[in-house]
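**Student:** Dropping a structure here in structure tokens format, bear with me for questions.
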Amino acid sequence: MANDNFYEIAIIGGGISSCVFASTHIKNGFKGRIAIIESGRDLGGRASTRNSFKNKGWQINHGSPNFNISNKENNQLLETFIKELLDANIIQHDTSELIELFGSSKLNSRINNQFYSGENYVSDPWMTILSHKIISLNNLRGQIDFYFESLIVELEFKNNIWILTSKNGYKYKSKFIVCSSNLLLHKRSLEILKINQVPLRKAIPINKDNKIDSILKLVSEQEYIQRLTFLIYTKSYSYKDNYKKKYRYFILNKLLEENFKFERIIFQKQKNNNLGIVIHTRSVDLINDYFKSTNKDKFKNNLLLKFNKLFDQNPLINKLLDYQDISTMIWRSSQPKGIGIPEYLQVCENHKIGFCGDWFGLEGFGRIEGAILSALKLSCKINSLY
């Protein structure tokens, strides 16, 4: 293998935690080469933007269009990092309207929702830019290489070096690896990657490393909220009122969510002033209906009927009579729930592997806050290893 493919650190996954870790680690004095290996077309993970090939000119945040920090005052690492992003104008306070739906009524005050508690922030112009700007803060000497559309399916630890193999057969070597997703640790990898053994378990057999045994056991018990998002590209569609801000968030209360199977609906104004609409669902019934449907056009038309029924007589939202397109985003990396992985398992020193992401039991578990905090902590922990 050519030396160009050898790295001091290889990071699997290109989400927020990956980018925060890589950038922070360079800021903390790391001088080596870093590879970020991402299965998608760009950075961001669940906080990324759909640049549609089919629908030119549209940029829709199909995951998190913003993020919230609920506990930075009690965490110096997090508070310092958020201040750095604000000072660099990488993020701004999100002052968009947040509305909880109770039938046709609305509540303008901030509501008690895990995605919007505390301080809310947005990246301009789109969320994928956040990851790129976090990287550019400290990657001034070009220490980071990016590999997109590269899905890692196999890990091997040989002669104190990690060998990572992608689905297309490309190999990477690294002294240290970071898993920013836990896919390669979790039993769901068997079905998703079409393999016979969890990759990290195959690389490090049982009883070879107590920490790895512990994290694999706990990760296997972790559950996930399955999600699907529908992206609506509208035609000559606008609000009933004169709302001008880029985003507008609608949260369905519990009864409405049970009835309509929608969790959140987020309107996103485009450069051409068209409105993109993103419908988030975590309803197992609706998700199953989508995958079982043999007539996707009929399914989309029924989705439109549900949307119009939800906003019937709403003073802010017009009926949607036509659309340019409806696409979907199927989330392989879904929001964890239940048990959070203990912080002490973030680094397995004997096998030169670290972990970060929203799946650790830190403040912000299951959200961007937790992903950021885990990355900041991981950089501090492995600084002494170099």
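Residues in the structure tokens are numbered from 1 in each chain, the chains being A, B, ... in the order shown, and ligands are numbered from 1 in the order shown.
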Just want the 8 Å neighbourhood of Thr128 of chain A, counted on only C-alpha atoms, with same-chain residues fewer than 4 positions away dropped. Output as a list in words.
**Tutor:** Asp42, Leu43, Gly44, Ala47, Ser48, Thr49 and His132 of chain A
**Student:** Only all heavy atoms, please: the residues just picked out, written as an mmCIF file, in the first residue's frame.
**Tutor:**
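The file below, selection11.cif, is the result:
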```
data_model
loop_
_atom_site.group_PDB
_atom_site.id
_atom_site.type_symbol
_atom_site.label_atom_id
_atom_site.label_comp_id
_atom_site.auth_asym_id
_atom_site.auth_seq_id
_atom_site.Cartn_x
_atom_site.Cartn_y
_atom_site.Cartn_z
ATOM 1 N N ASP A 42 -21.135 13.899 1.415
ATOM 2 C CA ASP A 42 -20.619 15.114 2.033
ATOM 3 C C ASP A 42 -20.594 14.945 3.541
ATOM 4 O O ASP A 42 -21.039 13.926 4.078
ATOM 5 C CB ASP A 42 -21.482 16.319 1.645
ATOM 6 C CG ASP A 42 -20.706 17.636 1.631
ATOM 7 O OD1 ASP A 42 -19.646 17.716 2.295
ATOM 8 O OD2 ASP A 42 -21.158 18.571 0.950
ATOM 9 N N LEU A 43 -20.086 15.957 4.216
ATOM 10 C CA LEU A 43 -20.031 15.964 5.671
ATOM 11 C C LEU A 43 -21.402 16.282 6.262
ATOM 12 O O LEU A 43 -22.286 16.792 5.591
ATOM 13 C CB LEU A 43 -19.013 16.998 6.147
ATOM 14 C CG LEU A 43 -17.560 16.807 5.691
ATOM 15 C CD1 LEU A 43 -16.715 18.011 6.110
ATOM 16 C CD2 LEU A 43 -16.971 15.528 6.257
ATOM 17 N N GLY A 44 -21.551 16.013 7.549
ATOM 18 C CA GLY A 44 -22.737 16.467 8.262
ATOM 19 C C GLY A 44 -23.538 15.384 8.945
ATOM 20 O O GLY A 44 -24.162 15.631 9.974
ATOM 21 N N ALA A 47 -26.971 16.034 10.351
ATOM 22 C CA ALA A 47 -27.090 17.485 10.214
ATOM 23 C C ALA A 47 -26.530 17.899 8.860
ATOM 24 O O ALA A 47 -25.652 18.746 8.753
ATOM 25 C CB ALA A 47 -26.339 18.185 11.349
ATOM 26 N N SER A 48 -27.052 17.277 7.809
ATOM 27 C CA SER A 48 -26.533 17.551 6.470
ATOM 28 C C SER A 48 -27.633 18.087 5.561
ATOM 29 O O SER A 48 -28.805 18.142 5.934
ATOM 30 C CB SER A 48 -25.894 16.295 5.867
ATOM 31 O OG SER A 48 -26.818 15.231 5.836
ATOM 32 N N THR A 49 -27.226 18.459 4.361
ATOM 33 C CA THR A 49 -28.107 19.160 3.428
ATOM 34 C C THR A 49 -28.230 18.366 2.138
ATOM 35 O O THR A 49 -27.231 17.871 1.615
ATOM 36 C CB THR A 49 -27.544 20.566 3.136
ATOM 37 O OG1 THR A 49 -27.342 21.256 4.377
ATOM 38 C CG2 THR A 49 -28.492 21.365 2.266
ATOM 39 N N HIS A 132 -18.174 21.844 7.485
ATOM 40 C CA HIS A 132 -17.031 22.337 6.711
ATOM 41 C C HIS A 132 -16.329 23.490 7.428
ATOM 42 O O HIS A 132 -15.093 23.563 7.449
ATOM 43 C CB HIS A 132 -17.496 22.790 5.328
ATOM 44 C CG HIS A 132 -17.797 21.659 4.393
ATOM 45 N ND1 HIS A 132 -16.818 20.992 3.704
ATOM 46 C CD2 HIS A 132 -18.970 21.061 4.052
ATOM 47 C CE1 HIS A 132 -17.366 20.043 2.959
ATOM 48 N NE2 HIS A 132 -18.673 20.056 3.165
#
```
**Student:** Tell me which protein, DNA and RNA residues are within 9 Å of Lys171 of chain A, counting only C-alpha atoms, leaving out same-chain ones fewer than 4 positions away, and put them as JSON, numbers by chain.
**Tutor:** {"A": [1, 5, 163, 164, 165, 166]}
**Student:** Please write the residues from the selection above to a file, keeping N, CA, C and O atoms, as an mmCIF file, in the first residue's frame.
**Tutor:**
```cif
data_model
loop_
_atom_site.group_PDB
_atom_site.id
_atom_site.type_symbol
_atom_site.label_atom_id
_atom_site.label_comp_id
_atom_site.auth_asym_id
_atom_site.auth_seq_id
_atom_site.Cartn_x
_atom_site.Cartn_y
_atom_site.Cartn_z
ATOM 1 N N MET A 1 0.838 -1.195 0.000
ATOM 2 C CA MET A 1 0.000 0.000 0.000
ATOM 3 C C MET A 1 0.877 1.250 0.000
ATOM 4 O O MET A 1 1.868 1.331 0.716
ATOM 5 N N ASN A 5 -1.632 6.489 1.706
ATOM 6 C CA ASN A 5 -2.837 5.963 2.329
ATOM 7 C C ASN A 5 -2.620 5.600 3.800
ATOM 8 O O ASN A 5 -3.450 4.925 4.390
ATOM 9 N N ILE A 163 -6.177 -1.620 9.757
ATOM 10 C CA ILE A 163 -6.437 -1.672 8.322
ATOM 11 C C ILE A 163 -7.946 -1.620 8.133
ATOM 12 O O ILE A 163 -8.673 -2.472 8.652
ATOM 13 N N LEU A 164 -8.409 -0.616 7.408
ATOM 14 C CA LEU A 164 -9.838 -0.409 7.180
ATOM 15 C C LEU A 164 -10.132 -0.696 5.713
ATOM 16 O O LEU A 164 -9.438 -0.180 4.827
ATOM 17 N N THR A 165 -11.147 -1.496 5.469
ATOM 18 C CA THR A 165 -11.512 -1.848 4.099
ATOM 19 C C THR A 165 -12.908 -1.341 3.792
ATOM 20 O O THR A 165 -13.854 -1.589 4.555
ATOM 21 N N SER A 166 -13.043 -0.641 2.675
ATOM 22 C CA SER A 166 -14.347 -0.117 2.267
ATOM 23 C C SER A 166 -15.090 -1.124 1.406
ATOM 24 O O SER A 166 -14.524 -2.123 0.949
#
```
**Student:** Contacts of segment 262-278 of chain A at 6 Å or less, counting only C-alpha atoms, minus same-chain residues fewer than 3 places along, as a list of chain:residue names?
**Tutor:**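 In the requested format, the answer is A:Phe230, A:Leu231, A:Ile232, A:Tyr233, A:Lys246, A:Tyr247, A:Arg248, A:Tyr249, A:Phe250, A:Ile251, A:Leu252, A:Glu257, A:Thr281.
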**Student:** Go ahead and write the selection's residues with N, CA, C and O atoms as a JSON list (two decimals), in the first residue's frame.
**Tutor:**
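Result saved to out-v7.json:
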```json
[["chain", "number", "residue", "atom", "x", "y", "z"],
["A", 230, "PHE", "N", -39.52, 13.11, 4.70],
["A", 230, "PHE", "CA", -40.05, 13.37, 3.35],
["A", 230, "PHE", "C", -39.73, 14.82, 2.99],
["A", 230, "PHE", "O", -40.06, 15.74, 3.74],
["A", 231, "LEU", "N", -39.10, 15.03, 1.86],
["A", 231, "LEU", "CA", -38.70, 16.35, 1.41],
["A", 231, "LEU", "C", -39.62, 16.77, 0.27],
["A", 231, "LEU", "O", -39.65, 16.12, -0.79],
["A", 232, "ILE", "N", -40.36, 17.85, 0.49],
["A", 232, "ILE", "CA", -41.31, 18.32, -0.51],
["A", 232, "ILE", "C", -40.73, 19.56, -1.20],
["A", 232, "ILE", "O", -40.45, 20.56, -0.55],
["A", 233, "TYR", "N", -40.58, 19.47, -2.51],
["A", 233, "TYR", "CA", -40.14, 20.58, -3.35],
["A", 233, "TYR", "C", -41.41, 21.21, -3.93],
["A", 233, "TYR", "O", -42.07, 20.61, -4.78],
["A", 246, "LYS", "N", -35.88, 32.36, 7.38],
["A", 246, "LYS", "CA", -35.58, 31.19, 6.56],
["A", 246, "LYS", "C", -36.33, 29.95, 7.04],
["A", 246, "LYS", "O", -36.80, 29.14, 6.25],
["A", 247, "TYR", "N", -36.45, 29.78, 8.37],
["A", 247, "TYR", "CA", -37.04, 28.56, 8.91],
["A", 247, "TYR", "C", -38.31, 28.85, 9.68],
["A", 247, "TYR", "O", -38.51, 29.93, 10.24],
["A", 248, "ARG", "N", -39.15, 27.84, 9.72],
["A", 248, "ARG", "CA", -40.35, 27.88, 10.55],
["A", 248, "ARG", "C", -40.60, 26.44, 11.00],
["A", 248, "ARG", "O", -40.74, 25.54, 10.17],
["A", 249, "TYR", "N", -40.69, 26.25, 12.33],
["A", 249, "TYR", "CA", -40.77, 24.90, 12.89],
["A", 249, "TYR", "C", -42.16, 24.64, 13.47],
["A", 249, "TYR", "O", -42.67, 25.45, 14.26],
["A", 250, "PHE", "N", -42.73, 23.52, 13.10],
["A", 250, "PHE", "CA", -44.00, 23.08, 13.67],
["A", 250, "PHE", "C", -43.79, 21.72, 14.35],
["A", 250, "PHE", "O", -43.33, 20.76, 13.71],
["A", 251, "ILE", "N", -44.13, 21.67, 15.63],
["A", 251, "ILE", "CA", -44.02, 20.44, 16.42],
["A", 251, "ILE", "C", -45.43, 19.95, 16.71],
["A", 251, "ILE", "O", -46.29, 20.72, 17.16],
["A", 252, "LEU", "N", -45.70, 18.69, 16.44],
["A", 252, "LEU", "CA", -47.02, 18.14, 16.74],
["A", 252, "LEU", "C", -47.07, 17.66, 18.18],
["A", 252, "LEU", "O", -46.13, 17.03, 18.66],
["A", 257, "GLU", "N", -49.50, 13.74, 16.85],
["A", 257, "GLU", "CA", -48.50, 12.83, 16.28],
["A", 257, "GLU", "C", -49.06, 11.41, 16.16],
["A", 257, "GLU", "O", -48.83, 10.72, 15.16],
["A", 281, "THR", "N", -40.85, 11.85, 10.48],
["A", 281, "THR", "CA", -41.69, 10.86, 11.16],
["A", 281, "THR", "C", -40.82, 9.85, 11.88],
["A", 281, "THR", "O", -39.72, 9.51, 11.43]]
```
**Student:** Which residue out of A:Val153, A:Ile82, A:Leu183, A:Leu320 has the minimum interatomic distance to Asn196 of chain A when only C-alpha atoms are used?
**Tutor:**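 Using only C-alpha atoms, Asn196 of chain A sits closest to A:Val153.
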**Student:** Rank A:Val347, A:Leu185, A:Asn71, A:Ser327 by their smallest atom-to-atom distance to Arg50 of chain A, using only C-alpha atoms, and report the top residue only.
**Tutor:**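 So, comparing all the options, the nearest one is A:Ser327.
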**Student:** Skipping near chain neighbours, those fewer than 6 positions away, what residues fall within 12 Å of Gly15 of chain A using only C-alpha atoms, listed as a ChimeraX atom specification?
**Tutor:** /A:21-22,36-49,63-64,127-132,134-135,148,179-181,333,356-358,367-368,371-372,375
**Student:** What does the structure give for the distance between atom CA of Asn288 of chain A and atom CA of Lys306 of chain A, in Å to one decimal?
**Tutor:**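 Computing the Euclidean distance for atom CA of Asn288 of chain A and atom CA of Lys306 of chain A yields 16.6 Å.
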**Student:** Rank nothing, just name the residue among A:Ser96, A:Asn259, A:Asn350, A:Ser150 nearest to Gly14 of chain A, using only C-alpha atoms.
**Tutor:**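 For Gly14 of chain A, the nearest of the candidates is A:Ser150.
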**Student:** If we count only C-alpha atoms and set the cut-off at 12 Å, which residues sit around Leu286 of chain A, ignoring sequence neighbours fewer than 4 positions away in its own chain? Please answer as a ChimeraX atom specification.
**Tutor:** /A:226-230,257-263,279-282,290-293,299-300,302-303,306
**Student:** Using only C-alpha atoms, which of the listed residues (A:Ser220, A:Gln92, A:Asn139, A:Thr294) sits closest to Ile339 of chain A?
**Tutor:**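 Going through A:Ser220, A:Gln92, A:Asn139, A:Thr294 one by one, the smallest distance to Ile339 of chain A is for A:Ser220.
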**Student:** Mind the document's chain letters and residue numbers, and return as a VMD selection string the residues of segment 147-297 of chain A that DSSP labels strand (DSSP E or B).
**Tutor:** chain A and resid 147 152 to 158 161 to 166 171 to 179 223 to 225 228 to 234 239 247 to 252 264 to 269 275 to 281
**Student:** Check the smallest atom-to-atom distance from each of A:Asp289, A:Glu156, A:Asp322, A:Asp241 to Asn308 of chain A using only C-alpha atoms, then report the winner.
**Tutor:** A:Asp322
**Student:** Excluding Phe115 of chain A and any residue of its chain fewer than 2 positions from it, enumerate the residues within 10 Å of it, using only C-alpha atoms, and give them as a PyMOL selection string.
**Tutor:** chain A and resi 64+66-70+111-113+117-118+120+364+366-369
**Student:** Once you have the residues from the selection above, write them out as a compact mmCIF listing (two decimals), in the first residue's frame, restricted to all heavy atoms.
**Tutor:**
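Generated output (result-v5.txt):
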```txt
# COMPACT_ATOMS: atom_id res chain seq x y z
N SER A 64 -31.27 17.68 10.79
CA SER A 64 -31.41 18.79 11.74
C SER A 64 -31.11 20.11 11.04
O SER A 64 -29.98 20.34 10.62
CB SER A 64 -30.43 18.60 12.91
OG SER A 64 -30.67 17.39 13.58
N ASN A 66 -31.23 22.93 12.56
CA ASN A 66 -30.57 23.73 13.59
C ASN A 66 -30.11 22.77 14.68
O ASN A 66 -30.25 21.55 14.56
CB ASN A 66 -31.50 24.81 14.14
CG ASN A 66 -32.64 24.23 14.95
OD1 ASN A 66 -32.88 23.02 14.97
ND2 ASN A 66 -33.37 25.10 15.65
N PHE A 67 -29.54 23.31 15.75
CA PHE A 67 -29.22 22.44 16.89
C PHE A 67 -29.33 23.26 18.17
O PHE A 67 -29.25 24.49 18.15
CB PHE A 67 -27.82 21.82 16.76
CG PHE A 67 -26.67 22.80 16.88
CD1 PHE A 67 -25.99 22.94 18.08
CD2 PHE A 67 -26.26 23.55 15.79
CE1 PHE A 67 -24.93 23.81 18.19
CE2 PHE A 67 -25.19 24.42 15.89
CZ PHE A 67 -24.52 24.55 17.11
N ASN A 68 -29.54 22.55 19.26
CA ASN A 68 -29.70 23.23 20.54
C ASN A 68 -28.67 22.75 21.55
O ASN A 68 -28.21 21.61 21.51
CB ASN A 68 -31.12 23.03 21.10
CG ASN A 68 -31.41 21.58 21.44
OD1 ASN A 68 -31.13 20.68 20.67
ND2 ASN A 68 -32.01 21.35 22.60
N ILE A 69 -28.29 23.67 22.40
CA ILE A 69 -27.36 23.39 23.49
C ILE A 69 -28.09 23.73 24.78
O ILE A 69 -28.47 24.88 25.01
CB ILE A 69 -26.06 24.21 23.38
CG1 ILE A 69 -25.36 23.93 22.05
CG2 ILE A 69 -25.14 23.93 24.57
CD1 ILE A 69 -24.80 22.54 21.90
N SER A 70 -28.29 22.73 25.63
CA SER A 70 -29.11 22.95 26.83
C SER A 70 -28.29 23.10 28.10
O SER A 70 -28.83 23.50 29.13
CB SER A 70 -30.10 21.80 26.99
OG SER A 70 -29.41 20.56 27.08
N ILE A 111 -41.14 25.80 23.58
CA ILE A 111 -41.85 24.66 24.16
C ILE A 111 -40.87 23.68 24.76
O ILE A 111 -39.67 23.73 24.52
CB ILE A 111 -42.73 23.97 23.10
CG1 ILE A 111 -41.85 23.43 21.96
CG2 ILE A 111 -43.78 24.93 22.56
CD1 ILE A 111 -42.62 22.66 20.94
N ASN A 112 -41.40 22.76 25.54
CA ASN A 112 -40.56 21.76 26.20
C ASN A 112 -40.35 20.58 25.25
O ASN A 112 -41.09 19.61 25.26
CB ASN A 112 -41.24 21.29 27.50
CG ASN A 112 -40.38 20.30 28.25
OD1 ASN A 112 -39.16 20.26 28.07
ND2 ASN A 112 -41.00 19.50 29.10
N ASN A 113 -39.32 20.71 24.41
CA ASN A 113 -39.00 19.68 23.43
C ASN A 113 -37.50 19.48 23.44
O ASN A 113 -36.73 20.45 23.46
CB ASN A 113 -39.49 20.11 22.05
CG ASN A 113 -39.25 19.05 20.99
OD1 ASN A 113 -38.14 18.85 20.53
ND2 ASN A 113 -40.32 18.36 20.60
N SER A 117 -34.83 22.85 23.50
CA SER A 117 -34.64 23.42 24.83
C SER A 117 -33.29 24.13 24.89
O SER A 117 -32.38 23.85 24.13
CB SER A 117 -34.69 22.30 25.88
OG SER A 117 -33.65 21.36 25.65
N GLY A 118 -33.16 25.07 25.82
CA GLY A 118 -31.91 25.81 25.95
C GLY A 118 -31.72 26.82 24.84
O GLY A 118 -32.67 27.45 24.39
N ASN A 120 -30.85 27.76 20.95
CA ASN A 120 -30.92 27.18 19.61
C ASN A 120 -30.01 27.94 18.66
O ASN A 120 -29.97 29.17 18.67
CB ASN A 120 -32.36 27.21 19.09
CG ASN A 120 -33.27 26.28 19.86
OD1 ASN A 120 -33.47 25.15 19.46
ND2 ASN A 120 -33.82 26.75 20.97
N GLY A 364 -26.79 15.97 26.52
CA GLY A 364 -27.13 16.03 25.10
C GLY A 364 -27.17 14.67 24.43
O GLY A 364 -27.10 14.58 23.21
N GLY A 366 -28.14 11.69 22.40
CA GLY A 366 -29.08 11.57 21.31
C GLY A 366 -29.25 12.81 20.47
O GLY A 366 -30.07 12.84 19.55
N ARG A 367 -28.46 13.86 20.77
CA ARG A 367 -28.58 15.11 20.04
C ARG A 367 -27.19 15.62 19.63
O ARG A 367 -26.17 15.08 20.04
CB ARG A 367 -29.29 16.18 20.89
CG ARG A 367 -30.73 15.82 21.24
CD ARG A 367 -31.42 16.94 21.98
NE ARG A 367 -30.89 17.13 23.33
CZ ARG A 367 -30.10 18.13 23.71
NH1 ARG A 367 -29.71 19.05 22.83
NH2 ARG A 367 -29.68 18.23 24.95
N ILE A 368 -27.17 16.71 18.86
CA ILE A 368 -25.91 17.29 18.40
C ILE A 368 -25.06 17.74 19.59
O ILE A 368 -23.84 17.63 19.56
CB ILE A 368 -26.17 18.45 17.43
CG1 ILE A 368 -26.71 17.90 16.11
CG2 ILE A 368 -24.90 19.26 17.18
CD1 ILE A 368 -27.05 18.95 15.08
N GLU A 369 -25.70 18.22 20.64
CA GLU A 369 -24.96 18.63 21.83
C GLU A 369 -24.10 17.49 22.36
O GLU A 369 -22.91 17.68 22.67
CB GLU A 369 -25.93 19.10 22.92
CG GLU A 369 -25.24 19.50 24.22
CD GLU A 369 -26.19 20.06 25.26
OE1 GLU A 369 -27.40 20.17 24.98
OE2 GLU A 369 -25.71 20.39 26.36
```
**Student:** Could you check which of A:Lys296, A:Lys381, A:Lys194, A:Lys27 is closest to Phe81 of chain A, using only C-alpha atoms?
**Tutor:** A:Lys27
**Student:** Please report the interatomic distance between atom CA of Gly13 of chain A and atom CA of Ile177 of chain A in Å with one decimal.
**Tutor:**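 So the two atoms, atom CA of Gly13 of chain A and atom CA of Ile177 of chain A, lie 11.0 Å apart.
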**Student:** Report as number ranges by chain: the residues of segment 207-330 of chain A with a DSSP assignment of helix (DSSP H, G or I), based on the backbone of this structure.
**Tutor:** A: 210-221, 254-260, 284-292, 296-310
**Student:** Next, write the just-selected residues to a file, as a PDB file, in the first residue's frame, keeping C-alpha atoms as the atom set.
**Tutor:**
```pdb
ATOM      1  CA  ASN A 210     -11.873  -5.793  28.495  1.00  0.00           C
ATOM      2  CA  LYS A 211     -12.859  -2.278  27.397  1.00  0.00           C
ATOM      3  CA  ILE A 212     -13.778  -3.412  23.903  1.00  0.00           C
ATOM      4  CA  ASP A 213     -15.749  -6.336  25.335  1.00  0.00           C
ATOM      5  CA  SER A 214     -17.636  -3.897  27.581  1.00  0.00           C
ATOM      6  CA  ILE A 215     -18.445  -1.351  24.893  1.00  0.00           C
ATOM      7  CA  LEU A 216     -19.572  -4.029  22.445  1.00  0.00           C
ATOM      8  CA  LYS A 217     -21.879  -5.513  25.067  1.00  0.00           C
ATOM      9  CA  LEU A 218     -23.423  -2.158  25.948  1.00  0.00           C
ATOM     10  CA  VAL A 219     -23.762  -1.025  22.343  1.00  0.00           C
ATOM     11  CA  SER A 220     -25.575  -4.276  21.504  1.00  0.00           C
ATOM     12  CA  GLU A 221     -28.191  -3.278  24.102  1.00  0.00           C
ATOM     13  CA  LYS A 254     -48.573  13.866  21.339  1.00  0.00           C
ATOM     14  CA  LEU A 255     -52.174  13.346  20.269  1.00  0.00           C
ATOM     15  CA  LEU A 256     -51.644  14.883  16.834  1.00  0.00           C
ATOM     16  CA  GLU A 257     -48.497  12.830  16.279  1.00  0.00           C
ATOM     17  CA  GLU A 258     -50.410   9.649  17.110  1.00  0.00           C
ATOM     18  CA  ASN A 259     -53.150  10.656  14.700  1.00  0.00           C
ATOM     19  CA  PHE A 260     -51.141  11.967  11.739  1.00  0.00           C
ATOM     20  CA  VAL A 284     -43.211   2.670  12.745  1.00  0.00           C
ATOM     21  CA  ASP A 285     -46.596   2.329  11.017  1.00  0.00           C
ATOM     22  CA  LEU A 286     -45.925   5.130   8.526  1.00  0.00           C
ATOM     23  CA  ILE A 287     -42.373   3.949   7.859  1.00  0.00           C
ATOM     24  CA  ASN A 288     -43.578   0.388   7.246  1.00  0.00           C
ATOM     25  CA  ASP A 289     -46.356   1.673   4.997  1.00  0.00           C
ATOM     26  CA  TYR A 290     -43.764   3.505   2.910  1.00  0.00           C
ATOM     27  CA  PHE A 291     -41.515   0.493   2.458  1.00  0.00           C
ATOM     28  CA  LYS A 292     -44.432  -1.859   1.747  1.00  0.00           C
ATOM     29  CA  LYS A 296     -45.000   5.387  -4.325  1.00  0.00           C
ATOM     30  CA  ASP A 297     -46.939   8.091  -6.216  1.00  0.00           C
ATOM     31  CA  LYS A 298     -50.139   7.049  -4.460  1.00  0.00           C
ATOM     32  CA  PHE A 299     -48.300   7.052  -1.128  1.00  0.00           C
ATOM     33  CA  LYS A 300     -47.014  10.600  -1.777  1.00  0.00           C
ATOM     34  CA  ASN A 301     -50.471  11.843  -2.696  1.00  0.00           C
ATOM     35  CA  ASN A 302     -51.847  10.373   0.540  1.00  0.00           C
ATOM     36  CA  LEU A 303     -49.028  12.118   2.401  1.00  0.00           C
ATOM     37  CA  LEU A 304     -50.140  15.380   0.834  1.00  0.00           C
ATOM     38  CA  LEU A 305     -53.729  14.749   1.924  1.00  0.00           C
ATOM     39  CA  LYS A 306     -52.566  14.212   5.515  1.00  0.00           C
ATOM     40  CA  PHE A 307     -50.509  17.421   5.364  1.00  0.00           C
ATOM     41  CA  ASN A 308     -53.488  19.454   4.150  1.00  0.00           C
ATOM     42  CA  LYS A 309     -55.805  17.922   6.733  1.00  0.00           C
ATOM     43  CA  LEU A 310     -53.306  18.762   9.497  1.00  0.00           C
TER      44      LEU A 310
END
```
**Student:** Using only C-alpha atoms, which protein or nucleic acid residues come within 8 Å of segment 74-79 of chain A? Drop anything in the same chain fewer than 6 positions from it, and give the result as a ChimeraX atom specification.
**Tutor:** /A:372-373,376-377
**Student:** Atom CA of Asn182 of chain A and atom CA of Asn61 of chain A, how far apart in Å?
**Tutor:**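 Atom CA of Asn182 of chain A lies at a distance of 23.0 Å from atom CA of Asn61 of chain A.
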